[in-house]
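Data first, discussion second: the structure below is written as structure tokens.
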Amino acid sequence: MSDWLVAPGPASLDLAANLSAKLRAKLVTVETIDFPDGESKIRVDDDVRNKKIIIVQSTYPPVDKHLVQLLSLSHKLSEEGAEVYAVVPYLGYARQDKEFMNGEVVTLGVIARLMRSVGIKRMVTVDIHSIKALGLFSFPVYSCSSIPLLAEYIRAHNELQKPISVSPDFGSSNRVEAFAAVLKSEFVSFKKKRDRATGEISTEDQNLNLHGRDTIIIDDMISTGGSVAKCAQLLRQHGARRIIAACTHPVLVGGAVDKLRQAGVDEIIATNTIPSKYSKVDVSPLIANYFEML
Ligand code: R5P
């Protein structure tokens, strides 16, 4: 057994179990009761004094609830004398990392302060929306990339014909480049604009001939599906044979799956930073690797 203990947060039980198996680390007993009004009560039933504990808790929707659970569990473990490390595979609010319009709250900065205040010594996440956002934290933080694992999975499970990897916006062009390197495919980035007031998306077209080609759209997250749907419509118009939508974080809210299907997406493939039927790629090896190197 290793020196680490793993505390499963209620949002990430399976991922915590995978991580504890990979690290050969004991799982801490954490009991959670959900009350009808949405509040949760969390109880730690183990001696954690002087132990190094990795909490695994993703903050997908309901984001605020999962966040409060993460903060509560961290606070309790710190109070009991443990050294607390947090794995937050999907970091909610990561897109609110700067003041886009005057007067907006930089919510990720608030979360960074809260995490520190409950004793988190170090935080690890997966494919944070923007690496620059890590600068808001005043303690060590790291973002692992799941892109090579996603690409490997898609390569191994599909007979792709003349594949081309596609980024729905310039913000994901580093990701698509890394993805295409593993897939050994060409890649292209679309230019997307989002109206900050209305959230409306427009994607600039490109002169492409995709007849007979399989296309893989790659993004950090699919939330409402708007960005990937716009991109998929263009790929179809240019003759794409098949469209796979791949992402790290399958947030999939507000009818996203239907929107993607209607736009011509054939398949959705994601990681298990958020549990869903599309979460085929396990990120626990990445996280285990990080802690083995510490
Ligand atoms: C934005 O730049 C992100 O990389 C995603 O493309 C975006 O947040 C996904 O959101 P939605 O699915 O609502 O378009």
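Here's how to read the names in the structure tokens: chain A, B, ... by the order shown, residue numbers from 1 in each chain, ligand numbers from 1 in the order shown.
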key: Site check for ligand 1: residues at most 7 Å away, only C-alpha atoms and all ligand atoms, as a count of residues only   = 15
Give me, as a tab-separated table, each residue of range 41-136 of chain A that comes within 10 Å of range 265-278 of chain A, together with its shortest interatomic pair and the distance in Å at one decimal, counting only C-alpha atoms, with rows ordered by chain and rising residue number.
residue	atom	partner	partner_atom	distance
A:Gln57	CA	A:Thr273	CA	9.3
A:Ser58	CA	A:Thr273	CA	6.7
A:Thr59	CA	A:Ile274	CA	8.5
A:Tyr60	CA	A:Ile274	CA	6.6
A:Pro61	CA	A:Ile274	CA	9.3
A:Val88	CA	A:Thr273	CA	8.3
A:Pro89	CA	A:Thr273	CA	4.9
A:Tyr90	CA	A:Thr273	CA	5.6
A:Leu91	CA	A:Thr273	CA	9.3
A:Thr125	CA	A:Thr273	CA	9.1
A:Val126	CA	A:Thr273	CA	7.6
A:Asp127	CA	A:Thr273	CA	9.8
Kindly export the residues of the current selection with N, CA, C and O atoms, as a PDB file, in the first residue's frame.
ATOM      1  N   GLN A  57     -13.178  15.060  -6.440  1.00  0.00           N
ATOM      2  CA  GLN A  57     -14.539  15.598  -6.537  1.00  0.00           C
ATOM      3  C   GLN A  57     -14.606  16.537  -7.734  1.00  0.00           C
ATOM      4  O   GLN A  57     -13.990  17.612  -7.753  1.00  0.00           O
ATOM      5  N   SER A  58     -15.360  16.114  -8.734  1.00  0.00           N
ATOM      6  CA  SER A  58     -15.536  16.925  -9.930  1.00  0.00           C
ATOM      7  C   SER A  58     -16.663  17.921  -9.659  1.00  0.00           C
ATOM      8  O   SER A  58     -17.601  17.592  -8.925  1.00  0.00           O
ATOM      9  N   THR A  59     -16.619  19.103 -10.267  1.00  0.00           N
ATOM     10  CA  THR A  59     -17.662  20.097  -9.968  1.00  0.00           C
ATOM     11  C   THR A  59     -18.514  20.375 -11.214  1.00  0.00           C
ATOM     12  O   THR A  59     -18.643  21.506 -11.662  1.00  0.00           O
ATOM     13  N   TYR A  60     -19.089  19.289 -11.735  1.00  0.00           N
ATOM     14  CA  TYR A  60     -20.047  19.392 -12.850  1.00  0.00           C
ATOM     15  C   TYR A  60     -21.428  19.707 -12.276  1.00  0.00           C
ATOM     16  O   TYR A  60     -21.622  19.672 -11.047  1.00  0.00           O
ATOM     17  N   PRO A  61     -22.423  19.993 -13.126  1.00  0.00           N
ATOM     18  CA  PRO A  61     -23.745  20.357 -12.603  1.00  0.00           C
ATOM     19  C   PRO A  61     -24.377  19.256 -11.747  1.00  0.00           C
ATOM     20  O   PRO A  61     -24.280  18.083 -12.113  1.00  0.00           O
ATOM     21  N   VAL A  88      -9.824  17.832  -8.974  1.00  0.00           N
ATOM     22  CA  VAL A  88     -11.115  18.352  -9.446  1.00  0.00           C
ATOM     23  C   VAL A  88     -11.123  18.149 -10.956  1.00  0.00           C
ATOM     24  O   VAL A  88     -10.742  19.039 -11.725  1.00  0.00           O
ATOM     25  N   PRO A  89     -11.516  16.946 -11.406  1.00  0.00           N
ATOM     26  CA  PRO A  89     -11.319  16.591 -12.823  1.00  0.00           C
ATOM     27  C   PRO A  89     -11.987  17.581 -13.785  1.00  0.00           C
ATOM     28  O   PRO A  89     -11.376  17.989 -14.763  1.00  0.00           O
ATOM     29  N   TYR A  90     -13.232  17.966 -13.494  1.00  0.00           N
ATOM     30  CA  TYR A  90     -13.866  19.060 -14.238  1.00  0.00           C
ATOM     31  C   TYR A  90     -14.012  20.210 -13.258  1.00  0.00           C
ATOM     32  O   TYR A  90     -14.673  20.077 -12.218  1.00  0.00           O
ATOM     33  N   LEU A  91     -13.361  21.328 -13.582  1.00  0.00           N
ATOM     34  CA  LEU A  91     -13.374  22.486 -12.691  1.00  0.00           C
ATOM     35  C   LEU A  91     -14.455  23.452 -13.173  1.00  0.00           C
ATOM     36  O   LEU A  91     -14.262  24.173 -14.155  1.00  0.00           O
ATOM     37  N   THR A 125      -6.361  19.359 -11.990  1.00  0.00           N
ATOM     38  CA  THR A 125      -7.557  19.257 -12.801  1.00  0.00           C
ATOM     39  C   THR A 125      -7.169  18.651 -14.150  1.00  0.00           C
ATOM     40  O   THR A 125      -6.014  18.265 -14.357  1.00  0.00           O
ATOM     41  N   VAL A 126      -8.140  18.507 -15.042  1.00  0.00           N
ATOM     42  CA  VAL A 126      -7.865  17.932 -16.362  1.00  0.00           C
ATOM     43  C   VAL A 126      -8.335  18.940 -17.422  1.00  0.00           C
ATOM     44  O   VAL A 126      -9.457  19.451 -17.341  1.00  0.00           O
ATOM     45  N   ASP A 127      -7.484  19.201 -18.388  1.00  0.00           N
ATOM     46  CA  ASP A 127      -7.816  20.092 -19.513  1.00  0.00           C
ATOM     47  C   ASP A 127      -8.618  21.310 -19.075  1.00  0.00           C
ATOM     48  O   ASP A 127      -9.770  21.517 -19.509  1.00  0.00           O
TER      49      ASP A 127
END
Straight-line distance linking CA of Met123 in chain A with CA of Val56 in chain A, stated in Å to one decimal =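 Spanning CA of Met123 in chain A to CA of Val56 in chain A is a straight-line distance of 10.1 Å.
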Option closest in space to Ile120 in chain A, from A:Leu108, A:Ile147, A:Leu71, A:Val30 [counting only C-alpha atoms] =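 The closest residue to Ile120 in chain A is A:Leu71.
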key: For CA of Ser202 in chain A and CA of Val63 in chain A, the interatomic separation in Å (one decimal)   =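 Interatomic distance, CA of Ser202 in chain A to CA of Val63 in chain A: 26.8 Å.
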ask   = Looking only at the backbone, which of the residues in range 77-263 of chain A does DSSP tag as strand (DSSP E), as a PyMOL selection string?
value = chain A and resi 83-87+120-126+141-144+164-167+186-189+191-194+201-204+214-222+242-250
message = Let me make sure I understand: among A:Thr203, A:Ser74, A:Thr215, A:Asn102, which one has the smallest atom-to-atom distance to Ile243 in chain A if we use only C-alpha atoms?
response =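 Distance minimum relative to Ile243 in chain A lands on A:Thr215.
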ask   = What is the CA of Pro163 in chain A-CA of Ala232 in chain A distance in Å, reported with one decimal?
value =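 Distance reported for this atom pair: 14.6 Å.
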Mind listing the alpha helix (DSSP H) residues of range 121-218 of chain A, per DSSP on the backbone, as a PDB file with N, CA, C and O atoms, in the first residue's frame?
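Final output, saved to out-v5.pdb:
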ATOM      1  N   ILE A 147      -5.927  14.711 -23.891  1.00  0.00           N
ATOM      2  CA  ILE A 147      -6.060  14.674 -25.353  1.00  0.00           C
ATOM      3  C   ILE A 147      -5.366  13.442 -25.970  1.00  0.00           C
ATOM      4  O   ILE A 147      -5.970  12.769 -26.823  1.00  0.00           O
ATOM      5  N   PRO A 148      -4.127  13.090 -25.542  1.00  0.00           N
ATOM      6  CA  PRO A 148      -3.516  11.882 -26.135  1.00  0.00           C
ATOM      7  C   PRO A 148      -4.339  10.615 -25.856  1.00  0.00           C
ATOM      8  O   PRO A 148      -4.471   9.768 -26.742  1.00  0.00           O
ATOM      9  N   LEU A 149      -4.934  10.511 -24.659  1.00  0.00           N
ATOM     10  CA  LEU A 149      -5.742   9.319 -24.345  1.00  0.00           C
ATOM     11  C   LEU A 149      -7.001   9.269 -25.208  1.00  0.00           C
ATOM     12  O   LEU A 149      -7.393   8.209 -25.707  1.00  0.00           O
ATOM     13  N   LEU A 150      -7.638  10.440 -25.396  1.00  0.00           N
ATOM     14  CA  LEU A 150      -8.831  10.502 -26.245  1.00  0.00           C
ATOM     15  C   LEU A 150      -8.488  10.090 -27.684  1.00  0.00           C
ATOM     16  O   LEU A 150      -9.210   9.308 -28.308  1.00  0.00           O
ATOM     17  N   ALA A 151      -7.375  10.604 -28.169  1.00  0.00           N
ATOM     18  CA  ALA A 151      -6.975  10.295 -29.548  1.00  0.00           C
ATOM     19  C   ALA A 151      -6.666   8.811 -29.692  1.00  0.00           C
ATOM     20  O   ALA A 151      -7.077   8.174 -30.678  1.00  0.00           O
ATOM     21  N   GLU A 152      -5.956   8.253 -28.706  1.00  0.00           N
ATOM     22  CA  GLU A 152      -5.635   6.809 -28.740  1.00  0.00           C
ATOM     23  C   GLU A 152      -6.909   5.980 -28.779  1.00  0.00           C
ATOM     24  O   GLU A 152      -7.017   5.014 -29.529  1.00  0.00           O
ATOM     25  N   TYR A 153      -7.871   6.375 -27.939  1.00  0.00           N
ATOM     26  CA  TYR A 153      -9.133   5.623 -27.860  1.00  0.00           C
ATOM     27  C   TYR A 153      -9.840   5.653 -29.217  1.00  0.00           C
ATOM     28  O   TYR A 153     -10.293   4.630 -29.725  1.00  0.00           O
ATOM     29  N   ILE A 154      -9.920   6.837 -29.803  1.00  0.00           N
ATOM     30  CA  ILE A 154     -10.654   6.982 -31.065  1.00  0.00           C
ATOM     31  C   ILE A 154      -9.936   6.227 -32.186  1.00  0.00           C
ATOM     32  O   ILE A 154     -10.558   5.557 -33.004  1.00  0.00           O
ATOM     33  N   ARG A 155      -8.617   6.257 -32.162  1.00  0.00           N
ATOM     34  CA  ARG A 155      -7.837   5.528 -33.185  1.00  0.00           C
ATOM     35  C   ARG A 155      -8.070   4.013 -33.045  1.00  0.00           C
ATOM     36  O   ARG A 155      -8.297   3.308 -34.025  1.00  0.00           O
ATOM     37  N   ALA A 156      -8.068   3.543 -31.788  1.00  0.00           N
ATOM     38  CA  ALA A 156      -8.180   2.092 -31.564  1.00  0.00           C
ATOM     39  C   ALA A 156      -9.595   1.553 -31.820  1.00  0.00           C
ATOM     40  O   ALA A 156      -9.755   0.378 -32.109  1.00  0.00           O
ATOM     41  N   HIS A 157     -10.620   2.407 -31.688  1.00  0.00           N
ATOM     42  CA  HIS A 157     -12.000   1.910 -31.788  1.00  0.00           C
ATOM     43  C   HIS A 157     -12.701   2.264 -33.093  1.00  0.00           C
ATOM     44  O   HIS A 157     -13.900   2.050 -33.223  1.00  0.00           O
ATOM     45  N   SER A 173      -7.030  25.339 -30.606  1.00  0.00           N
ATOM     46  CA  SER A 173      -6.126  24.897 -31.673  1.00  0.00           C
ATOM     47  C   SER A 173      -4.914  24.123 -31.153  1.00  0.00           C
ATOM     48  O   SER A 173      -4.426  23.214 -31.829  1.00  0.00           O
ATOM     49  N   ASN A 174      -4.444  24.436 -29.927  1.00  0.00           N
ATOM     50  CA  ASN A 174      -3.351  23.622 -29.352  1.00  0.00           C
ATOM     51  C   ASN A 174      -3.807  22.194 -29.126  1.00  0.00           C
ATOM     52  O   ASN A 174      -3.087  21.236 -29.367  1.00  0.00           O
ATOM     53  N   ARG A 175      -5.062  22.098 -28.650  1.00  0.00           N
ATOM     54  CA  ARG A 175      -5.604  20.763 -28.375  1.00  0.00           C
ATOM     55  C   ARG A 175      -5.700  19.951 -29.660  1.00  0.00           C
ATOM     56  O   ARG A 175      -5.337  18.782 -29.699  1.00  0.00           O
ATOM     57  N   VAL A 176      -6.211  20.586 -30.729  1.00  0.00           N
ATOM     58  CA  VAL A 176      -6.416  19.826 -31.965  1.00  0.00           C
ATOM     59  C   VAL A 176      -5.075  19.407 -32.559  1.00  0.00           C
ATOM     60  O   VAL A 176      -4.952  18.319 -33.129  1.00  0.00           O
ATOM     61  N   GLU A 177      -4.074  20.240 -32.348  1.00  0.00           N
ATOM     62  CA  GLU A 177      -2.747  19.902 -32.884  1.00  0.00           C
ATOM     63  C   GLU A 177      -2.193  18.671 -32.165  1.00  0.00           C
ATOM     64  O   GLU A 177      -1.669  17.736 -32.795  1.00  0.00           O
ATOM     65  N   ALA A 178      -2.335  18.663 -30.829  1.00  0.00           N
ATOM     66  CA  ALA A 178      -1.856  17.520 -30.035  1.00  0.00           C
ATOM     67  C   ALA A 178      -2.637  16.253 -30.390  1.00  0.00           C
ATOM     68  O   ALA A 178      -2.081  15.159 -30.499  1.00  0.00           O
ATOM     69  N   PHE A 179      -3.936  16.420 -30.608  1.00  0.00           N
ATOM     70  CA  PHE A 179      -4.811  15.300 -30.944  1.00  0.00           C
ATOM     71  C   PHE A 179      -4.412  14.714 -32.303  1.00  0.00           C
ATOM     72  O   PHE A 179      -4.251  13.504 -32.464  1.00  0.00           O
ATOM     73  N   ALA A 180      -4.228  15.603 -33.279  1.00  0.00           N
ATOM     74  CA  ALA A 180      -3.894  15.167 -34.637  1.00  0.00           C
ATOM     75  C   ALA A 180      -2.530  14.490 -34.684  1.00  0.00           C
ATOM     76  O   ALA A 180      -2.308  13.581 -35.486  1.00  0.00           O
ATOM     77  N   ALA A 181      -1.634  14.898 -33.792  1.00  0.00           N
ATOM     78  CA  ALA A 181      -0.297  14.285 -33.774  1.00  0.00           C
ATOM     79  C   ALA A 181      -0.405  12.806 -33.410  1.00  0.00           C
ATOM     80  O   ALA A 181       0.290  11.962 -33.985  1.00  0.00           O
ATOM     81  N   VAL A 182      -1.284  12.468 -32.477  1.00  0.00           N
ATOM     82  CA  VAL A 182      -1.447  11.060 -32.079  1.00  0.00           C
ATOM     83  C   VAL A 182      -2.190  10.296 -33.174  1.00  0.00           C
ATOM     84  O   VAL A 182      -1.850   9.166 -33.518  1.00  0.00           O
ATOM     85  N   LEU A 183      -3.199  10.955 -33.745  1.00  0.00           N
ATOM     86  CA  LEU A 183      -4.033  10.298 -34.773  1.00  0.00           C
ATOM     87  C   LEU A 183      -3.311  10.234 -36.127  1.00  0.00           C
ATOM     88  O   LEU A 183      -3.712   9.510 -37.023  1.00  0.00           O
TER      89      LEU A 183
END
ask   = Which of these, A:Pro250, A:Gly135, A:Gly81, A:Gly103, has the shortest distance to Gly119 in chain A once you count only C-alpha atoms?
value =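 Smallest separation from Gly119 in chain A among the options: A:Gly81.
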